[in-house]
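**Student:** Below you will find the structure I want to go over with you.
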Number of protein chains: 2
Amino acid sequence: MKKIEYECCEATEVHEELLALVREKMPEEEALYDLSELFKVFGDSTRIRILFVLFEAEVCVCDLAAALGMTQSAVSHQLRILKQNKLVKSRREGKSIFYSLADGHVRTIIDQGLEHIEEE
Amino acid sequence: MKKIEYECCEATEVHEELLALVREKMPEEEALYDLSELFKVFGDSTRIRILFVLFEAEVCVCDLAAALGMTQSAVSHQLRILKQNKLVKSRREGKSIFYSLADGHVRTIIDQGLEHIEEE
DNA sequence: TTTTCATATGAACGATTATTCATATGTTTA
DNA sequence: TAAACATATGAATAATCGTTCATATGAAAA
């Protein structure tokens, strides 16, 4: 039983080639962070459900909570996250605040996700 | 200072209309769950970085770890998650196991995300 | 100008998750 | 077959996150 001490696979030439390619094509640290933060927003079924409601209409917080069977507070917290990430926008009308989609990408991203999970 | 006790906004007719629309258009509970699970996978910068490497080539675990400056163990754990969600596939060749993209949707979803964050 | 209504938000709690460490599995080579 | 190599995985820990509760803000109505 000897000590294990090695670096990596054998073909060291291929490594350099790969490392160079990765360095060239990999987005900046900040873009990678922003990208994962964006997808994190889609990674919660409550927020997905909110988006599906907003696909149909501009809706106030109160109605969103009723439509989803959730607390006003919980919905409000999630709307804040959606807004921070520019996926929804809001508009005040009297006492109510109406939310709607901010962007066409939202629908495209969700549709691609649906396509993926529908494949068997 | 009285007790607060009310249901929702006033226009009860609009509510019914909205609730009916939501019931019709909202995907099944299971689809919503699967969808959020899928996006959760994209919601981590380590996994995003792995995917960007795999955009360029079929790579073994060892090289992935080297290219990303990460532990073999950490990479392996994340590859398992990517594979469970059918975003990557693997192939054994001798002692090494090579990973590659499983699907064209992966690139589309990431590109849409990039487009979104690049807008201002 | 109080009261009511609609929404936002801070703190707290429980649940989930990414990494690390140690070790197991499986393949090749000596 | 025993040692080395490549990868996988279970347990533990720290960090992140969604919901709830209580309360704050801000607008409208009485």
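Lettering and numbering for the structure tokens are positional, with chains as A, B, ... in the shown order, residues counted from 1 in each chain, and ligands counted from 1 in the shown order.
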Within 7 Å of chain C, which residues of chain B show up when using only C-alpha atoms (C1' of nucleotides), listed as a PyMOL selection string?
**Tutor:** chain B and resi 74+94-95
**Student:** Export, as a PDB file, in the first residue's frame, the selected residues with C-alpha atoms.
**Tutor:**
ATOM      1  CA  ALA B  74     -16.333  18.218  -6.075  1.00  0.00           C
ATOM      2  CA  GLY B  94     -10.074   2.467 -19.845  1.00  0.00           C
ATOM      3  CA  LYS B  95      -9.671   3.985 -16.419  1.00  0.00           C
TER       4      LYS B  95
END
**Student:** Please find the residues of chain A near chain B - the criterion being any atom within 9 Å, counting only C-alpha atoms - and write them as a ChimeraX atom specification.
**Tutor:** /A:7-9,15,18-19,21-23,25-27,31-49,52-53,56-57,59-60,62-63,66-68,85-86,96,103,105-106,108-110,112-118
**Student:** Find the distance between atom CA of Ile81 of chain B and atom CA of Ile97 of chain B and write it in Å to one decimal.
**Tutor:**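 Value for the atom CA of Ile81 of chain B-atom CA of Ile97 of chain B distance: 15.6 Å.
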**Student:** Residues of chain D no more than 12 Å from chain A, counting only C-alpha atoms (C1' of nucleotides): send them over as a ChimeraX atom specification.
**Tutor:** /D:2-7,16-23,25-29
**Student:** Output C-alpha atoms (C1' of nucleotides) of each residue in that selection to a file, as a compact mmCIF listing (two decimals), in the first residue's frame.
**Tutor:**
# COMPACT_ATOMS: atom_id res chain seq x y z
C1' DA D 2 -1.14 -6.71 -5.69
C1' DA D 3 -0.31 -1.90 -6.50
C1' DA D 4 -1.54 2.33 -8.94
C1' DC D 5 -4.80 5.03 -11.14
C1' DA D 6 -9.49 7.28 -12.19
C1' DT D 7 -13.76 8.03 -10.54
C1' DT D 16 -27.93 29.72 1.29
C1' DC D 17 -32.89 29.96 0.79
C1' DG D 18 -38.22 29.92 1.23
C1' DT D 19 -41.74 30.57 4.32
C1' DT D 20 -43.94 32.49 8.38
C1' DC D 21 -44.86 36.04 11.67
C1' DA D 22 -44.98 40.57 13.05
C1' DT D 23 -44.77 45.00 11.63
C1' DT D 25 -45.00 51.91 4.57
C1' DG D 26 -48.07 54.17 1.70
C1' DA D 27 -52.51 55.15 -0.51
C1' DA D 28 -57.51 55.75 -0.24
C1' DA D 29 -61.80 56.28 2.19
**Student:** Could you pull out the alpha helix (DSSP H) residues of segment 18-115 of chain A, going by DSSP on the backbone, and write them as a PDB file with C-alpha atoms, in the first residue's frame?
**Tutor:**
ATOM      1  CA  LEU A  18      -7.861  22.088 -23.533  1.00  0.00           C
ATOM      2  CA  LEU A  19      -6.780  24.585 -20.905  1.00  0.00           C
ATOM      3  CA  ALA A  20      -6.083  27.183 -23.602  1.00  0.00           C
ATOM      4  CA  LEU A  21      -9.464  26.581 -25.192  1.00  0.00           C
ATOM      5  CA  VAL A  22     -11.229  26.892 -21.858  1.00  0.00           C
ATOM      6  CA  ARG A  23      -9.383  30.081 -21.017  1.00  0.00           C
ATOM      7  CA  GLU A  24     -10.475  31.516 -24.346  1.00  0.00           C
ATOM      8  CA  LYS A  25     -14.132  30.478 -24.340  1.00  0.00           C
ATOM      9  CA  GLU A  29     -16.165  35.345 -13.543  1.00  0.00           C
ATOM     10  CA  GLU A  30     -18.857  38.014 -13.168  1.00  0.00           C
ATOM     11  CA  ALA A  31     -20.896  36.740 -16.115  1.00  0.00           C
ATOM     12  CA  LEU A  32     -20.778  33.197 -14.752  1.00  0.00           C
ATOM     13  CA  TYR A  33     -21.982  34.451 -11.397  1.00  0.00           C
ATOM     14  CA  ASP A  34     -24.793  36.532 -12.928  1.00  0.00           C
ATOM     15  CA  LEU A  35     -25.821  33.628 -15.116  1.00  0.00           C
ATOM     16  CA  SER A  36     -26.124  31.193 -12.233  1.00  0.00           C
ATOM     17  CA  GLU A  37     -27.940  33.824 -10.173  1.00  0.00           C
ATOM     18  CA  LEU A  38     -30.443  34.230 -13.011  1.00  0.00           C
ATOM     19  CA  PHE A  39     -31.123  30.508 -13.250  1.00  0.00           C
ATOM     20  CA  LYS A  40     -31.411  30.282  -9.484  1.00  0.00           C
ATOM     21  CA  VAL A  41     -34.437  32.533  -9.836  1.00  0.00           C
ATOM     22  CA  PHE A  42     -36.079  29.957 -12.121  1.00  0.00           C
ATOM     23  CA  SER A  45     -41.552  26.275  -8.257  1.00  0.00           C
ATOM     24  CA  THR A  46     -43.261  29.178  -6.518  1.00  0.00           C
ATOM     25  CA  ARG A  47     -41.533  31.680  -8.759  1.00  0.00           C
ATOM     26  CA  ILE A  48     -42.220  29.502 -11.806  1.00  0.00           C
ATOM     27  CA  ARG A  49     -45.897  29.477 -10.888  1.00  0.00           C
ATOM     28  CA  ILE A  50     -45.897  33.247 -10.496  1.00  0.00           C
ATOM     29  CA  LEU A  51     -44.382  33.574 -13.959  1.00  0.00           C
ATOM     30  CA  PHE A  52     -47.014  31.278 -15.459  1.00  0.00           C
ATOM     31  CA  VAL A  53     -49.742  33.515 -14.063  1.00  0.00           C
ATOM     32  CA  LEU A  54     -48.014  36.577 -15.487  1.00  0.00           C
ATOM     33  CA  PHE A  55     -47.830  34.853 -18.889  1.00  0.00           C
ATOM     34  CA  GLU A  56     -51.607  35.307 -18.969  1.00  0.00           C
ATOM     35  CA  VAL A  61     -50.104  40.918  -5.569  1.00  0.00           C
ATOM     36  CA  CYS A  62     -53.384  40.146  -3.864  1.00  0.00           C
ATOM     37  CA  ASP A  63     -54.748  38.229  -6.858  1.00  0.00           C
ATOM     38  CA  LEU A  64     -51.461  36.395  -7.330  1.00  0.00           C
ATOM     39  CA  ALA A  65     -51.627  35.189  -3.745  1.00  0.00           C
ATOM     40  CA  ALA A  66     -55.242  34.087  -4.229  1.00  0.00           C
ATOM     41  CA  ALA A  67     -54.542  32.369  -7.553  1.00  0.00           C
ATOM     42  CA  LEU A  68     -51.616  30.430  -6.086  1.00  0.00           C
ATOM     43  CA  GLN A  72     -49.366  37.720   0.499  1.00  0.00           C
ATOM     44  CA  SER A  73     -46.037  37.942   2.275  1.00  0.00           C
ATOM     45  CA  ALA A  74     -44.548  34.902   0.598  1.00  0.00           C
ATOM     46  CA  VAL A  75     -45.637  36.130  -2.843  1.00  0.00           C
ATOM     47  CA  SER A  76     -44.279  39.591  -2.149  1.00  0.00           C
ATOM     48  CA  HIS A  77     -40.892  38.225  -1.140  1.00  0.00           C
ATOM     49  CA  GLN A  78     -40.652  36.222  -4.364  1.00  0.00           C
ATOM     50  CA  LEU A  79     -41.821  39.145  -6.499  1.00  0.00           C
ATOM     51  CA  ARG A  80     -38.966  41.169  -5.090  1.00  0.00           C
ATOM     52  CA  ILE A  81     -36.485  38.538  -6.264  1.00  0.00           C
ATOM     53  CA  LEU A  82     -38.106  38.371  -9.695  1.00  0.00           C
ATOM     54  CA  LYS A  83     -37.981  42.147  -9.968  1.00  0.00           C
ATOM     55  CA  GLN A  84     -34.374  42.428  -8.812  1.00  0.00           C
ATOM     56  CA  HIS A 105     -36.521  35.866 -22.693  1.00  0.00           C
ATOM     57  CA  VAL A 106     -38.479  34.647 -19.699  1.00  0.00           C
ATOM     58  CA  ARG A 107     -40.943  32.793 -21.888  1.00  0.00           C
ATOM     59  CA  THR A 108     -38.187  31.408 -24.133  1.00  0.00           C
ATOM     60  CA  ILE A 109     -36.139  30.107 -21.219  1.00  0.00           C
ATOM     61  CA  ILE A 110     -39.126  28.407 -19.615  1.00  0.00           C
ATOM     62  CA  ASP A 111     -40.250  26.929 -22.941  1.00  0.00           C
ATOM     63  CA  GLN A 112     -36.799  25.451 -23.539  1.00  0.00           C
ATOM     64  CA  GLY A 113     -36.908  23.983 -20.061  1.00  0.00           C
ATOM     65  CA  LEU A 114     -40.316  22.469 -20.747  1.00  0.00           C
ATOM     66  CA  GLU A 115     -39.054  20.979 -24.010  1.00  0.00           C
TER      67      GLU A 115
END
